$ cat upload-v3.cif   # mmCIF, C-alpha atoms, pLDDT in the B column; chains and numbers go by the auth columns
data_my_file
#
loop_
_atom_site.group_PDB
_atom_site.id
_atom_site.type_symbol
_atom_site.label_atom_id
_atom_site.label_comp_id
_atom_site.label_asym_id
_atom_site.label_seq_id
_atom_site.Cartn_x
_atom_site.Cartn_y
_atom_site.Cartn_z
_atom_site.B_iso_or_equiv
_atom_site.auth_seq_id
_atom_site.auth_asym_id
ATOM 1 C CA MET A 1 69.615 6.411 36.366 92.00 748 D
ATOM 2 C CA GLU A 2 69.307 4.556 39.634 95.00 749 D
ATOM 3 C CA GLU A 3 71.503 4.033 42.664 96.00 750 D
ATOM 4 C CA GLU A 4 73.379 1.069 41.204 95.00 751 D
ATOM 5 C CA ASP A 5 74.063 2.958 37.988 95.00 752 D
ATOM 6 C CA TYR A 6 75.935 5.645 39.904 96.00 753 D
ATOM 7 C CA ARG A 7 78.016 3.092 41.804 96.00 754 D
ATOM 8 C CA GLY A 8 78.930 1.213 38.628 95.00 755 D
ATOM 9 C CA ASP A 9 80.864 -2.018 38.914 93.00 756 D
ATOM 10 C CA ILE A 10 83.618 -0.587 41.090 93.00 757 D
ATOM 11 C CA GLU A 11 83.721 -2.358 44.435 93.00 758 D
ATOM 12 C CA GLU A 12 84.854 0.606 46.508 93.00 759 D
ATOM 13 C CA PHE A 13 81.751 2.547 45.500 94.00 760 D
ATOM 14 C CA GLN A 14 79.417 -0.381 45.893 92.00 761 D
ATOM 15 C CA LYS A 15 80.411 -0.465 49.552 92.00 762 D
ATOM 16 C CA CYS A 16 79.856 3.248 50.240 94.00 763 D
ATOM 17 C CA PRO A 17 77.202 3.576 52.954 94.00 764 D
ATOM 18 C CA LYS A 18 75.669 6.825 51.732 96.00 765 D
ATOM 19 C CA GLU A 19 73.267 7.217 48.827 96.00 766 D
ATOM 20 C CA MET A 20 75.138 7.936 45.580 96.00 767 D
ATOM 21 C CA LYS A 21 72.179 8.695 43.338 95.00 768 D
ATOM 22 C CA ASN A 22 72.487 12.190 41.822 94.00 769 D
ATOM 23 C CA ASN A 23 76.203 12.392 42.553 96.00 770 D
ATOM 24 C CA ASN A 24 76.858 13.188 38.915 95.00 771 D
ATOM 25 C CA ASP A 25 80.547 13.835 39.435 96.00 772 D
ATOM 26 C CA LEU A 26 80.981 10.204 40.511 97.00 773 D
ATOM 27 C CA LEU A 27 79.999 9.181 36.981 96.00 774 D
ATOM 28 C CA ASN A 28 83.396 10.498 35.848 97.00 775 D
ATOM 29 C CA ILE A 29 84.834 7.402 37.502 97.00 776 D
ATOM 30 C CA THR A 30 82.032 4.837 37.385 97.00 777 D
ATOM 31 C CA ARG A 31 80.241 5.537 34.079 96.00 778 D
ATOM 32 C CA LYS A 32 82.722 7.237 31.799 96.00 779 D
ATOM 33 C CA GLU A 33 80.989 6.025 28.661 96.00 780 D
ATOM 34 C CA ILE A 34 77.834 7.974 29.504 95.00 781 D
ATOM 35 C CA VAL A 35 79.684 11.236 30.181 95.00 782 D
ATOM 36 C CA THR A 36 81.811 10.830 27.069 95.00 783 D
ATOM 37 C CA GLU A 37 78.713 10.242 24.951 95.00 784 D
ATOM 38 C CA ILE A 38 77.194 13.512 26.200 94.00 785 D
ATOM 39 C CA HIS A 39 80.388 15.464 25.474 95.00 786 D
ATOM 40 C CA GLU A 40 80.581 14.068 21.971 94.00 787 D
ATOM 41 C CA ALA A 41 76.917 14.851 21.320 93.00 788 D
ATOM 42 C CA TYR A 42 77.477 18.505 22.231 93.00 789 D
ATOM 43 C CA LEU A 43 80.594 18.666 20.075 93.00 790 D
ATOM 44 C CA ARG A 44 78.875 17.040 17.094 92.00 791 D
ATOM 45 C CA ALA A 45 76.024 19.520 17.520 91.00 792 D
ATOM 46 C CA GLY A 46 78.523 22.339 17.059 90.00 793 D
ATOM 47 C CA ALA A 47 79.807 23.297 20.519 92.00 794 D
ATOM 48 C CA ASP A 48 83.137 25.117 20.406 93.00 795 D
ATOM 49 C CA ILE A 49 83.789 24.487 24.091 94.00 796 D
ATOM 50 C CA VAL A 50 82.534 21.734 26.362 94.00 797 D
ATOM 51 C CA ALA A 51 82.643 21.903 30.133 95.00 798 D
ATOM 52 C CA THR A 52 83.708 19.028 32.343 96.00 799 D
ATOM 53 C CA ASN A 53 81.191 17.199 34.485 96.00 800 D
ATOM 54 C CA THR A 54 82.677 18.641 37.666 96.00 801 D
ATOM 55 C CA PHE A 55 80.128 21.130 38.969 95.00 802 D
ATOM 56 C CA ASN A 56 80.260 19.459 42.404 96.00 803 D
ATOM 57 C CA GLY A 57 83.820 18.227 42.152 97.00 804 D
ATOM 58 C CA THR A 58 85.241 19.721 45.323 98.00 805 D
ATOM 59 C CA TRP A 59 85.914 17.788 48.506 98.00 806 D
ATOM 60 C CA ILE A 60 83.471 20.168 50.194 98.00 807 D
ATOM 61 C CA SER A 61 80.581 19.121 47.951 97.00 808 D
ATOM 62 C CA GLN A 62 81.641 15.488 47.865 97.00 809 D
ATOM 63 C CA ALA A 63 81.634 15.321 51.665 97.00 810 D
ATOM 64 C CA ASP A 64 77.850 14.989 51.448 95.00 811 D
ATOM 65 C CA TYR A 65 78.441 11.567 49.890 97.00 812 D
ATOM 66 C CA GLY A 66 81.433 10.627 52.026 97.00 813 D
ATOM 67 C CA LEU A 67 83.634 10.836 48.921 97.00 814 D
ATOM 68 C CA GLU A 68 85.754 13.868 49.772 97.00 815 D
ATOM 69 C CA THR A 69 88.979 11.915 49.211 97.00 816 D
ATOM 70 C CA TYR A 70 87.937 11.203 45.606 97.00 817 D
ATOM 71 C CA ALA A 71 87.572 14.822 44.505 98.00 818 D
ATOM 72 C CA TYR A 72 90.953 15.102 42.788 98.00 819 D
ATOM 73 C CA ARG A 73 90.416 11.820 40.934 98.00 820 D
ATOM 74 C CA MET A 74 86.936 12.862 39.790 98.00 821 D
ATOM 75 C CA ASN A 75 88.345 16.037 38.259 98.00 822 D
ATOM 76 C CA LEU A 76 91.332 14.319 36.718 98.00 823 D
ATOM 77 C CA GLU A 77 89.212 11.598 35.128 98.00 824 D
ATOM 78 C CA ALA A 78 86.553 14.087 34.001 97.00 825 D
ATOM 79 C CA ALA A 79 89.137 16.207 32.239 98.00 826 D
ATOM 80 C CA LYS A 80 90.947 13.270 30.658 98.00 827 D
ATOM 81 C CA MET A 81 87.830 11.767 29.120 97.00 828 D
ATOM 82 C CA ALA A 82 86.414 15.076 27.939 97.00 829 D
ATOM 83 C CA ARG A 83 89.748 16.017 26.425 98.00 830 D
ATOM 84 C CA LEU A 84 89.752 12.782 24.453 97.00 831 D
ATOM 85 C CA ALA A 85 86.342 13.791 23.107 97.00 832 D
ATOM 86 C CA THR A 86 87.424 17.308 22.118 97.00 833 D
ATOM 87 C CA ASP A 87 90.586 16.022 20.453 97.00 834 D
ATOM 88 C CA LYS A 88 88.661 13.317 18.636 97.00 835 D
ATOM 89 C CA VAL A 89 86.146 15.748 17.158 96.00 836 D
ATOM 90 C CA THR A 90 88.812 18.372 16.376 96.00 837 D
ATOM 91 C CA LYS A 91 90.749 15.814 14.314 95.00 838 D
ATOM 92 C CA ASP A 92 87.704 14.189 12.743 93.00 839 D
ATOM 93 C CA PRO A 93 87.854 14.672 8.936 89.00 840 D
ATOM 94 C CA SER A 94 84.073 15.035 8.857 85.00 841 D
ATOM 95 C CA SER A 95 84.298 17.908 11.328 84.00 842 D
ATOM 96 C CA ASP A 96 84.812 21.476 10.120 87.00 843 D
ATOM 97 C CA GLY A 97 88.359 21.871 11.394 85.00 844 D
ATOM 98 C CA ARG A 98 87.530 24.105 14.334 92.00 845 D
ATOM 99 C CA TRP A 99 89.619 23.630 17.452 96.00 846 D
ATOM 100 C CA ARG A 100 87.248 22.181 20.056 96.00 847 D
ATOM 101 C CA LEU A 101 88.219 23.242 23.540 96.00 848 D
ATOM 102 C CA LEU A 102 87.716 21.897 27.023 97.00 849 D
ATOM 103 C CA ALA A 103 86.726 24.077 29.961 96.00 850 D
ATOM 104 C CA GLY A 104 87.136 22.729 33.467 97.00 851 D
ATOM 105 C CA ALA A 105 83.968 23.575 35.388 96.00 852 D
ATOM 106 C CA VAL A 106 84.439 24.947 38.897 97.00 853 D
ATOM 107 C CA GLY A 107 81.141 25.282 40.730 94.00 854 D
ATOM 108 C CA PRO A 108 79.835 26.999 43.862 94.00 855 D
ATOM 109 C CA THR A 109 80.073 24.120 46.370 95.00 856 D
ATOM 110 C CA ASN A 110 77.118 23.414 48.627 93.00 857 D
ATOM 111 C CA ARG A 111 78.289 25.754 51.398 95.00 858 D
ATOM 112 C CA THR A 112 78.484 29.504 51.475 94.00 859 D
ATOM 113 C CA ALA A 113 81.172 31.531 53.200 95.00 860 D
ATOM 114 C CA SER A 114 79.078 34.713 53.451 94.00 861 D
ATOM 115 C CA VAL A 115 75.776 33.426 54.745 93.00 862 D
ATOM 116 C CA SER A 116 74.867 31.441 57.832 95.00 863 D
ATOM 117 C CA PRO A 117 72.843 28.274 57.245 94.00 864 D
ATOM 118 C CA LYS A 118 71.378 28.730 60.742 96.00 865 D
ATOM 119 C CA VAL A 119 68.652 31.343 60.940 94.00 866 D
ATOM 120 C CA GLU A 120 69.089 31.524 64.716 97.00 867 D
ATOM 121 C CA ASP A 121 72.835 32.224 64.466 97.00 868 D
ATOM 122 C CA ALA A 122 73.761 34.779 61.825 96.00 869 D
ATOM 123 C CA ALA A 123 77.478 34.583 62.605 96.00 870 D
ATOM 124 C CA PHE A 124 77.702 30.826 62.068 96.00 871 D
ATOM 125 C CA ARG A 125 79.538 29.498 59.002 96.00 872 D
ATOM 126 C CA ASN A 126 79.874 25.897 57.876 95.00 873 D
ATOM 127 C CA VAL A 127 82.866 26.581 55.641 97.00 874 D
ATOM 128 C CA THR A 128 85.912 28.833 55.861 97.00 875 D
ATOM 129 C CA TYR A 129 87.676 30.797 53.181 97.00 876 D
ATOM 130 C CA THR A 130 90.782 28.650 53.749 97.00 877 D
ATOM 131 C CA GLU A 131 88.785 25.458 53.214 98.00 878 D
ATOM 132 C CA LEU A 132 87.315 26.845 50.018 98.00 879 D
ATOM 133 C CA MET A 133 90.769 27.825 48.794 98.00 880 D
ATOM 134 C CA ASP A 134 92.027 24.328 49.525 98.00 881 D
ATOM 135 C CA ALA A 135 89.092 22.650 47.789 98.00 882 D
ATOM 136 C CA TYR A 136 89.247 24.856 44.717 98.00 883 D
ATOM 137 C CA THR A 137 93.017 24.450 44.407 98.00 884 D
ATOM 138 C CA GLU A 138 92.673 20.673 44.459 98.00 885 D
ATOM 139 C CA GLN A 139 89.891 20.816 41.874 98.00 886 D
ATOM 140 C CA ILE A 140 91.801 23.122 39.550 98.00 887 D
ATOM 141 C CA MET A 141 94.865 20.878 39.784 98.00 888 D
ATOM 142 C CA GLY A 142 92.826 17.844 38.755 98.00 889 D
ATOM 143 C CA LEU A 143 91.284 19.713 35.852 98.00 890 D
ATOM 144 C CA VAL A 144 94.577 21.131 34.610 98.00 891 D
ATOM 145 C CA ASN A 145 96.450 17.862 35.022 98.00 892 D
ATOM 146 C CA GLY A 146 93.685 16.131 33.083 98.00 893 D
ATOM 147 C CA GLY A 147 94.185 18.421 30.090 98.00 894 D
ATOM 148 C CA CYS A 148 91.688 21.292 30.310 98.00 895 D
ATOM 149 C CA HIS A 149 92.410 24.268 28.078 98.00 896 D
ATOM 150 C CA ILE A 150 90.341 26.701 30.136 97.00 897 D
ATOM 151 C CA ILE A 151 89.132 26.974 33.734 97.00 898 D
ATOM 152 C CA LEU A 152 85.470 28.011 33.921 95.00 899 D
ATOM 153 C CA ILE A 153 84.445 29.383 37.313 95.00 900 D
ATOM 154 C CA GLU A 154 80.656 29.286 37.100 92.00 901 D
ATOM 155 C CA THR A 155 77.420 29.846 38.966 89.00 902 D
ATOM 156 C CA ILE A 156 79.006 30.799 42.257 92.00 903 D
ATOM 157 C CA PHE A 157 76.204 32.711 43.938 90.00 904 D
ATOM 158 C CA ASP A 158 78.247 33.603 47.021 94.00 905 D
ATOM 159 C CA SER A 159 80.747 36.334 46.181 95.00 906 D
ATOM 160 C CA LEU A 160 83.171 35.200 48.893 96.00 907 D
ATOM 161 C CA ASN A 161 83.138 31.670 47.478 97.00 908 D
ATOM 162 C CA ALA A 162 83.760 33.174 44.043 97.00 909 D
ATOM 163 C CA ARG A 163 86.636 35.196 45.425 97.00 910 D
ATOM 164 C CA ALA A 164 88.165 32.033 46.899 98.00 911 D
ATOM 165 C CA ALA A 165 87.834 30.281 43.535 98.00 912 D
ATOM 166 C CA ILE A 166 89.428 33.169 41.647 98.00 913 D
ATOM 167 C CA PHE A 167 92.217 33.474 44.207 97.00 914 D
ATOM 168 C CA ALA A 168 92.850 29.722 44.076 98.00 915 D
ATOM 169 C CA TYR A 169 93.069 29.988 40.284 97.00 916 D
ATOM 170 C CA GLU A 170 95.513 32.886 40.464 97.00 917 D
ATOM 171 C CA GLU A 171 97.651 31.191 43.080 97.00 918 D
ATOM 172 C CA PHE A 172 97.697 27.934 41.116 96.00 919 D
ATOM 173 C CA PHE A 173 99.061 29.572 37.993 93.00 920 D
ATOM 174 C CA MET B 1 98.660 5.804 50.365 50.00 837 E
ATOM 175 C CA ASP B 2 98.811 8.033 47.312 58.00 838 E
ATOM 176 C CA SER B 3 101.249 10.896 47.431 75.00 839 E
ATOM 177 C CA LYS B 4 99.834 14.387 47.154 84.00 840 E
ATOM 178 C CA PRO B 5 99.190 15.301 43.499 89.00 841 E
ATOM 179 C CA GLN B 6 101.454 17.854 41.931 93.00 842 E
ATOM 180 C CA PRO B 7 100.663 20.229 39.059 94.00 843 E
ATOM 181 C CA ILE B 8 101.912 19.247 35.635 94.00 844 E
ATOM 182 C CA LYS B 9 104.960 21.140 34.472 90.00 845 E
ATOM 183 C CA GLN B 10 104.134 21.306 30.783 94.00 846 E
ATOM 184 C CA TYR B 11 100.923 21.530 28.778 96.00 847 E
ATOM 185 C CA ASP B 12 100.311 19.482 25.642 96.00 848 E
ATOM 186 C CA PHE B 13 99.131 22.592 23.804 97.00 849 E
ATOM 187 C CA ASP B 14 100.578 26.018 23.161 97.00 850 E
ATOM 188 C CA VAL B 15 99.100 28.479 25.655 96.00 851 E
ATOM 189 C CA ASP B 16 99.835 31.515 23.485 97.00 852 E
ATOM 190 C CA GLU B 17 98.208 29.835 20.499 97.00 853 E
ATOM 191 C CA LEU B 18 95.180 28.952 22.629 97.00 854 E
ATOM 192 C CA TRP B 19 94.863 32.516 23.939 96.00 855 E
ATOM 193 C CA ALA B 20 95.063 33.938 20.416 97.00 856 E
ATOM 194 C CA TYR B 21 92.505 31.426 19.125 96.00 857 E
ATOM 195 C CA VAL B 22 90.013 32.065 21.936 95.00 858 E
ATOM 196 C CA ASN B 23 90.259 35.843 21.455 95.00 859 E
ATOM 197 C CA LYS B 24 89.871 35.436 17.697 94.00 860 E
ATOM 198 C CA ILE B 25 86.734 33.304 17.834 92.00 861 E
ATOM 199 C CA PHE B 26 85.120 35.493 20.502 92.00 862 E
ATOM 200 C CA ASP B 27 85.780 38.527 18.306 92.00 863 E
ATOM 201 C CA GLU B 28 84.507 36.853 15.167 92.00 864 E
ATOM 202 C CA ARG B 29 81.298 35.167 16.214 88.00 865 E
ATOM 203 C CA ILE B 30 79.086 33.709 18.882 84.00 866 E
ATOM 204 C CA VAL B 31 80.985 30.946 20.629 84.00 867 E
ATOM 205 C CA VAL B 32 78.866 28.021 21.729 80.00 868 E
ATOM 206 C CA LEU B 33 79.513 26.580 25.159 80.00 869 E
ATOM 207 C CA ASP B 34 77.700 23.435 26.190 71.00 870 E
ATOM 208 C CA GLY B 35 74.770 23.914 28.535 61.00 871 E
ATOM 209 C CA GLY B 36 75.788 23.090 32.050 57.00 872 E
ATOM 210 C CA MET B 37 73.910 24.317 35.093 51.00 873 E
ATOM 211 C CA GLY B 38 75.357 27.780 34.940 44.00 874 E
ATOM 212 C CA THR B 39 75.789 28.358 31.263 43.00 875 E
#
$ encode --input "upload-v3.cif" --output "structure tokens"
Amino acid sequence: MEEEDYRGDIEEFQKCPKEMKNNNDLLNITRKEIVTEIHEAYLRAGADIVATNTFNGTWISQADYGLETYAYRMNLEAAKMARLATDKVTKDPSSDGRWRLLAGAVGPTNRTASVSPKVEDAAFRNVTYTELMDAYTEQIMGLVNGGCHIILIETIFDSLNARAAIFAYEEFF
Amino acid sequence: MDSKPQPIKQYDFDVDELWAYVNKIFDERIVVLDGGMGT
């Protein structure tokens, strides 16, 4: 997929000054049909649980693209479309009757709370625990409001980031 | 400007039923999760 594929035919994204290529979470808004097709392929292949396309769906990660204000919407739309896919396959007479579930993926973000990105300044941090809590809470709300059955906190290589995600989850519920 | 989103007050599925189902299938067999970056 190329730059224009990520932007889709939505004017607000066509005007964004930063490069959108590889912002896969944006596809939850601009190219829903592609994401839905992937979910359905996994479900038809036998997946019990599919995860939303929201690995970078926090305002912290989306800030790289200048789309931090779209994070909630990306998660909401991702969950809604994936939930339609799980419900469709669950109810499909040709399916085997298993309940197909949706997990809302919560990823690591592109910043780490425990490690400095500056080798010359070990005490420097480019994200705070409070910011991570805020970002994860917003993401979880979008995923839950969109219909996720499960929240999947995954691949968080920084234990303090992971703690913020778990705490945000606990506080949310 | 959009107002700040609020959490939904009610799910469209039974949480207790979901919890029982997830525990059951994890006890019974290998549960297949789609292959994202971390899975």
$ atom_distance --input "upload-v3.cif" --atom1 "atom CA of E:Asp870" --atom2 "atom CA of D:Ala882"
24.4 Å
$ resolve_selection --input "upload-v3.cif" --expression "the PyMOL selection byres ((chain E and resi 854-865) around 12)" --output "PyMOL selection string"
(chain D and resi 795-796+845-850+895-897) or (chain E and resi 847-853+866-869)
$ resolve_selection --input "upload-v3.cif" --expression "the PyMOL selection byres ((chain D) within 7 of (chain E))" --output "list of chain:residue names"
D:Tyr789, D:Ala794, D:Asp795, D:Ile796, D:Val797, D:Ala798, D:Met888, D:Asn892, D:Glu901, D:Thr902
$ atom_distance --input "upload-v3.cif" --atom1 "atom CA of D:Asp843" --atom2 "atom CA of D:Ile785"
19.5 Å
$ resolve_selection --input "upload-v3.cif" --expression "the PyMOL selection byres ((chain D and resi 862) around 12)" --output "PDB file with C-alpha atoms, keeping the file's coordinate frame"
ATOM      1  CA  ASN D 857      77.118  23.414  48.627  1.00 93.00           C
ATOM      2  CA  ARG D 858      78.289  25.754  51.398  1.00 95.00           C
ATOM      3  CA  THR D 859      78.484  29.504  51.475  1.00 94.00           C
ATOM      4  CA  ALA D 860      81.172  31.531  53.200  1.00 95.00           C
ATOM      5  CA  SER D 861      79.078  34.713  53.451  1.00 94.00           C
ATOM      6  CA  SER D 863      74.867  31.441  57.832  1.00 95.00           C
ATOM      7  CA  PRO D 864      72.843  28.274  57.245  1.00 94.00           C
ATOM      8  CA  LYS D 865      71.378  28.730  60.742  1.00 96.00           C
ATOM      9  CA  VAL D 866      68.652  31.343  60.940  1.00 94.00           C
ATOM     10  CA  ASP D 868      72.835  32.224  64.466  1.00 97.00           C
ATOM     11  CA  ALA D 869      73.761  34.779  61.825  1.00 96.00           C
ATOM     12  CA  ALA D 870      77.478  34.583  62.605  1.00 96.00           C
ATOM     13  CA  PHE D 871      77.702  30.826  62.068  1.00 96.00           C
ATOM     14  CA  ARG D 872      79.538  29.498  59.002  1.00 96.00           C
ATOM     15  CA  ASN D 873      79.874  25.897  57.876  1.00 95.00           C
ATOM     16  CA  VAL D 874      82.866  26.581  55.641  1.00 97.00           C
ATOM     17  CA  THR D 875      85.912  28.833  55.861  1.00 97.00           C
ATOM     18  CA  PHE D 904      76.204  32.711  43.938  1.00 90.00           C
ATOM     19  CA  ASP D 905      78.247  33.603  47.021  1.00 94.00           C
ATOM     20  CA  SER D 906      80.747  36.334  46.181  1.00 95.00           C
ATOM     21  CA  LEU D 907      83.171  35.200  48.893  1.00 96.00           C
ATOM     22  CA  ASN D 908      83.138  31.670  47.478  1.00 97.00           C
TER      23      ASN D 908
END
$ residues_around --input "upload-v3.cif" --residues "D:Asn771" --least-positions-apart "5" --cutoff "10 Å" --atoms "all atoms listed in the file" --output "ChimeraX atom specification"
/D:753,776-778,782,800-804
